[in-house]
Amino acid sequence: MSTVAPARERDTAPPPTGIRRISRPRRRLTSLSWSSLLYVAPALAFFAVFVLYPIGISVWYSFYAYDGLTEGTPVGLGNYTAVFTDPDLRAALLHSLVLLFFYAALPVAVGLLLAGAMSRIRVYGLTLFRAVLFVPQVLSSVVVAVAWRNLLAEDGPVNALLRAVGLGRFTTSWLGNFDTALPSIGVVGTWVEYGLCMVLFLSGIVAIDRSTYEAARLDGAGAVREFFSITLPALRPQISIALILTVTFALRNFDLIWNTTRGGPGTSTTVPSLYVYQDAFQNRMLGRASALAIVLTVVILAVVVAVQLALRERDGTGRGLLRRGPARPARKVQP
């Protein structure tokens, strides 16, 4: 008759010969090192003073009718109601959505095209060519605006070139025409942003394993098939970063429009950030300007989160693959 050892004896009994017990690593609770906080304290103080504090003050002002000089009057959600009911502000938001195509979609498409072509072309001076294409990104927005304002003037080089090639009927005041002002500014934004996208995509292409392309060529894949089957899926993180940067630039853009058209002709090129400046510094309506700035910040954050969720790599369970590495195989214990 076999006897069963008590549970306490079974748990504490030594393992049989030839079997190793695998000990689980214990988590060690480390106390916060105050000395390490001293290294980040200046950055935290700078962030609190110049970022968190202005945001808090803007939220506070958004509930008041305040001109910056006299005592503010509480208006509750009146400023936010004005933001969503003003037809001019709704038109400005629509202009920003149009600029998203020129500032985000087109630069990403052009950057992918240039990066894909440069990754396959081996010619002398290609590095210099890449640097030249990236120059618009490092130029000041004011310099870009003034340069393109002269280029697109009615007597500027663009119209002169059109007349020289026999297309004089298409000449116009590009920034002074109600129909062409907004697309013209959009083209300028595309010219500024495509260099950044191109550099991001080139850095991602360099990290792709070359053996993947060799295997695809052995299977008979051409350049177009390689791009859509290998390059494009591998560039998903870089595309996400590029879209976040370009979308943010499109929604908060101010200096480029202010130094080219100042929102004109009429209100054909107005954007929300332009109204924030006008309400705060020209119309002395700091409460409404703060409310509009808060709404614009929320819209930018929502778009950024949507882009990240849309382009995040997922496995079969819906969890992001970029957050966690591949699972390790379980160790087998000899019975």
# chains A, B, ... in the order shown; residues from 1 in each chain; ligands from 1
>>> select_by_dssp(residues="stretch 50-295 of chain A", states="strand (DSSP E or B)", output="MDAnalysis selection string")
chainID A and resid 64:65 73:74
>>> select_by_dssp(residues="stretch 69-306 of chain A", states="alpha helix (DSSP H)", output="PyMOL selection string")
chain A and resi 78-85+87-100+106-118+126-138+141-151+157-164+181-206+210-218+223-226+232-234+236-252+255-258+272-277+286-306
>>> closest_residue(among="A:Val276, A:Ala181, A:Ile230, A:Leu89", to="A:Arg217", atoms="only C-alpha atoms")
A:Ile230
>>> atom_distance(atom1="atom CA of A:Val108", atom2="atom CA of A:Ala234")
14.8 Å
>>> atom_distance(atom1="atom CA of A:Phe170", atom2="atom CA of A:Ala91")
27.3 Å
>>> residues_around(residues="stretch 259-263 of chain A", least_positions_apart="3", cutoff="9 Å", atoms="only C-alpha atoms", output="list in words")
Ser141, Val142, Ala145, Val146, Trp148, Arg149, Leu175, Gly176, Ala181, Ile185, Phe254, Asp255, Leu256, Gly266, Thr267, Ser268, Thr269, Thr270, Val271 and Leu274 of chain A
>>> atom_distance(atom1="atom CA of A:His95", atom2="atom CA of A:Val305")
21.4 Å
>>> residues_around(residues="A:Pro157", least_positions_apart="4", cutoff="12 Å", atoms="only C-alpha atoms", output="PyMOL selection string")
chain A and resi 147-153+161-164+171-174
>>> closest_residue(among="A:Val40, A:Val303, A:Val110, A:Met285", to="A:Thr190", atoms="only C-alpha atoms")
A:Val110
>>> residues_around(residues="A:Arg130", least_positions_apart="4", cutoff="10 Å", atoms="only C-alpha atoms", output="ChimeraX atom specification")
/A:114-115,118,125-126,134-135,195,198-199,202
>>> write_last_selection(atoms="all heavy atoms", output="mmCIF file, in the first residue's frame")
data_model
loop_
_atom_site.group_PDB
_atom_site.id
_atom_site.type_symbol
_atom_site.label_atom_id
_atom_site.label_comp_id
_atom_site.auth_asym_id
_atom_site.auth_seq_id
_atom_site.Cartn_x
_atom_site.Cartn_y
_atom_site.Cartn_z
ATOM 1 N N LEU A 114 11.506 59.025 -54.329
ATOM 2 C CA LEU A 114 12.925 59.386 -54.412
ATOM 3 C C LEU A 114 13.798 58.389 -53.650
ATOM 4 O O LEU A 114 14.869 58.000 -54.128
ATOM 5 C CB LEU A 114 13.136 60.795 -53.860
ATOM 6 C CG LEU A 114 12.546 61.938 -54.684
ATOM 7 C CD1 LEU A 114 12.717 63.256 -53.954
ATOM 8 C CD2 LEU A 114 13.197 62.002 -56.053
ATOM 9 N N ALA A 115 13.350 57.967 -52.470
ATOM 10 C CA ALA A 115 14.142 57.023 -51.685
ATOM 11 C C ALA A 115 14.245 55.675 -52.393
ATOM 12 O O ALA A 115 15.316 55.053 -52.414
ATOM 13 C CB ALA A 115 13.520 56.848 -50.303
ATOM 14 N N MET A 118 16.721 56.188 -55.344
ATOM 15 C CA MET A 118 18.107 56.371 -54.924
ATOM 16 C C MET A 118 18.713 55.102 -54.333
ATOM 17 O O MET A 118 19.930 54.909 -54.384
ATOM 18 C CB MET A 118 18.195 57.495 -53.896
ATOM 19 C CG MET A 118 17.936 58.859 -54.457
ATOM 20 S SD MET A 118 18.137 60.160 -53.209
ATOM 21 C CE MET A 118 17.686 61.599 -54.177
ATOM 22 N N GLY A 125 28.197 61.304 -57.310
ATOM 23 C CA GLY A 125 27.591 62.546 -56.855
ATOM 24 C C GLY A 125 26.205 62.386 -56.277
ATOM 25 O O GLY A 125 25.500 63.386 -56.075
ATOM 26 N N LEU A 126 25.786 61.151 -55.994
ATOM 27 C CA LEU A 126 24.445 60.938 -55.455
ATOM 28 C C LEU A 126 24.308 61.521 -54.048
ATOM 29 O O LEU A 126 23.239 62.015 -53.679
ATOM 30 C CB LEU A 126 24.120 59.439 -55.441
ATOM 31 C CG LEU A 126 22.685 59.061 -55.075
ATOM 32 C CD1 LEU A 126 21.695 59.686 -56.036
ATOM 33 C CD2 LEU A 126 22.523 57.541 -55.046
ATOM 34 N N PHE A 134 17.583 67.941 -49.607
ATOM 35 C CA PHE A 134 17.231 68.146 -48.202
ATOM 36 C C PHE A 134 17.337 69.607 -47.779
ATOM 37 O O PHE A 134 16.876 69.967 -46.690
ATOM 38 C CB PHE A 134 18.146 67.288 -47.316
ATOM 39 C CG PHE A 134 17.753 67.282 -45.868
ATOM 40 C CD1 PHE A 134 16.610 66.602 -45.446
ATOM 41 C CD2 PHE A 134 18.505 67.951 -44.922
ATOM 42 C CE1 PHE A 134 16.236 66.594 -44.110
ATOM 43 C CE2 PHE A 134 18.147 67.946 -43.580
ATOM 44 C CZ PHE A 134 16.997 67.259 -43.177
ATOM 45 N N VAL A 135 17.908 70.459 -48.619
ATOM 46 C CA VAL A 135 18.125 71.864 -48.266
ATOM 47 C C VAL A 135 16.837 72.578 -47.865
ATOM 48 O O VAL A 135 16.831 73.350 -46.892
ATOM 49 C CB VAL A 135 18.828 72.592 -49.426
ATOM 50 C CG1 VAL A 135 18.751 74.100 -49.255
ATOM 51 C CG2 VAL A 135 20.281 72.158 -49.509
ATOM 52 N N GLY A 195 11.930 66.598 -48.426
ATOM 53 C CA GLY A 195 13.310 66.248 -48.111
ATOM 54 C C GLY A 195 13.420 65.486 -46.808
ATOM 55 O O GLY A 195 14.189 64.518 -46.687
ATOM 56 N N MET A 198 12.214 61.947 -47.398
ATOM 57 C CA MET A 198 13.190 61.191 -48.178
ATOM 58 C C MET A 198 14.330 60.680 -47.294
ATOM 59 O O MET A 198 14.727 59.513 -47.392
ATOM 60 C CB MET A 198 13.742 62.067 -49.294
ATOM 61 C CG MET A 198 14.801 61.406 -50.150
ATOM 62 S SD MET A 198 15.697 62.617 -51.164
ATOM 63 C CE MET A 198 16.547 63.569 -49.897
ATOM 64 N N VAL A 199 14.852 61.526 -46.416
ATOM 65 C CA VAL A 199 15.951 61.119 -45.544
ATOM 66 C C VAL A 199 15.501 60.029 -44.575
ATOM 67 O O VAL A 199 16.228 59.054 -44.324
ATOM 68 C CB VAL A 199 16.501 62.340 -44.791
ATOM 69 C CG1 VAL A 199 17.501 61.921 -43.723
ATOM 70 C CG2 VAL A 199 17.158 63.307 -45.761
ATOM 71 N N LEU A 202 15.242 56.771 -46.576
ATOM 72 C CA LEU A 202 16.562 56.247 -46.939
ATOM 73 C C LEU A 202 17.223 55.563 -45.750
ATOM 74 O O LEU A 202 17.865 54.511 -45.906
ATOM 75 C CB LEU A 202 17.451 57.376 -47.457
ATOM 76 C CG LEU A 202 17.176 57.867 -48.883
ATOM 77 C CD1 LEU A 202 18.038 59.077 -49.201
ATOM 78 C CD2 LEU A 202 17.435 56.758 -49.896
#
>>> closest_residue(among="A:Tyr277, A:Leu93, A:Trp34, A:Ser62", to="A:Gly78", atoms="only C-alpha atoms")
A:Ser62
>>> decode(residues="stretch 281-304 of chain A", atoms="N, CA and C atoms", output="compact mmCIF listing (two decimals), in the first residue's frame")
# COMPACT_ATOMS: atom_id res chain seq x y z
N PHE A 281 -3.24 88.95 -30.49
CA PHE A 281 -2.35 90.11 -30.55
C PHE A 281 -2.92 91.29 -31.34
N GLN A 282 -3.98 91.06 -32.10
CA GLN A 282 -4.57 92.16 -32.86
C GLN A 282 -5.94 92.54 -32.33
N ASN A 283 -6.79 91.54 -32.08
CA ASN A 283 -8.15 91.82 -31.60
C ASN A 283 -8.26 91.85 -30.08
N ARG A 284 -7.18 91.49 -29.37
CA ARG A 284 -7.16 91.49 -27.91
C ARG A 284 -8.26 90.61 -27.34
N MET A 285 -8.47 89.44 -27.94
CA MET A 285 -9.46 88.46 -27.45
C MET A 285 -8.69 87.22 -27.00
N LEU A 286 -8.01 87.35 -25.88
CA LEU A 286 -7.13 86.27 -25.42
C LEU A 286 -7.91 85.04 -25.01
N GLY A 287 -9.11 85.21 -24.52
CA GLY A 287 -9.91 84.06 -24.12
C GLY A 287 -10.27 83.18 -25.30
N ARG A 288 -10.76 83.80 -26.37
CA ARG A 288 -11.11 83.02 -27.55
C ARG A 288 -9.88 82.46 -28.23
N ALA A 289 -8.78 83.20 -28.25
CA ALA A 289 -7.55 82.69 -28.83
C ALA A 289 -7.05 81.47 -28.05
N SER A 290 -7.16 81.51 -26.73
CA SER A 290 -6.74 80.37 -25.91
C SER A 290 -7.62 79.16 -26.17
N ALA A 291 -8.92 79.38 -26.29
CA ALA A 291 -9.83 78.26 -26.57
C ALA A 291 -9.52 77.63 -27.93
N LEU A 292 -9.28 78.48 -28.92
CA LEU A 292 -8.95 77.95 -30.24
C LEU A 292 -7.62 77.20 -30.22
N ALA A 293 -6.64 77.71 -29.45
CA ALA A 293 -5.35 77.02 -29.35
C ALA A 293 -5.51 75.66 -28.68
N ILE A 294 -6.35 75.58 -27.65
CA ILE A 294 -6.58 74.30 -26.97
C ILE A 294 -7.26 73.31 -27.91
N VAL A 295 -8.26 73.77 -28.64
CA VAL A 295 -8.94 72.89 -29.60
C VAL A 295 -7.98 72.40 -30.67
N LEU A 296 -7.14 73.30 -31.17
CA LEU A 296 -6.16 72.91 -32.18
C LEU A 296 -5.17 71.89 -31.63
N THR A 297 -4.75 72.06 -30.38
CA THR A 297 -3.83 71.09 -29.75
C THR A 297 -4.49 69.73 -29.64
N VAL A 298 -5.75 69.69 -29.24
CA VAL A 298 -6.47 68.42 -29.11
C VAL A 298 -6.60 67.74 -30.48
N VAL A 299 -6.89 68.53 -31.52
CA VAL A 299 -7.02 67.96 -32.87
C VAL A 299 -5.69 67.36 -33.32
N ILE A 300 -4.58 68.07 -33.07
CA ILE A 300 -3.27 67.57 -33.47
C ILE A 300 -2.95 66.27 -32.73
N LEU A 301 -3.21 66.23 -31.42
CA LEU A 301 -2.95 65.01 -30.66
C LEU A 301 -3.82 63.85 -31.16
N ALA A 302 -5.08 64.13 -31.48
CA ALA A 302 -5.96 63.08 -31.98
C ALA A 302 -5.47 62.52 -33.31
N VAL A 303 -5.03 63.40 -34.20
CA VAL A 303 -4.53 62.94 -35.49
C VAL A 303 -3.25 62.13 -35.32
N VAL A 304 -2.36 62.57 -34.43
CA VAL A 304 -1.11 61.85 -34.20
C VAL A 304 -1.40 60.46 -33.65
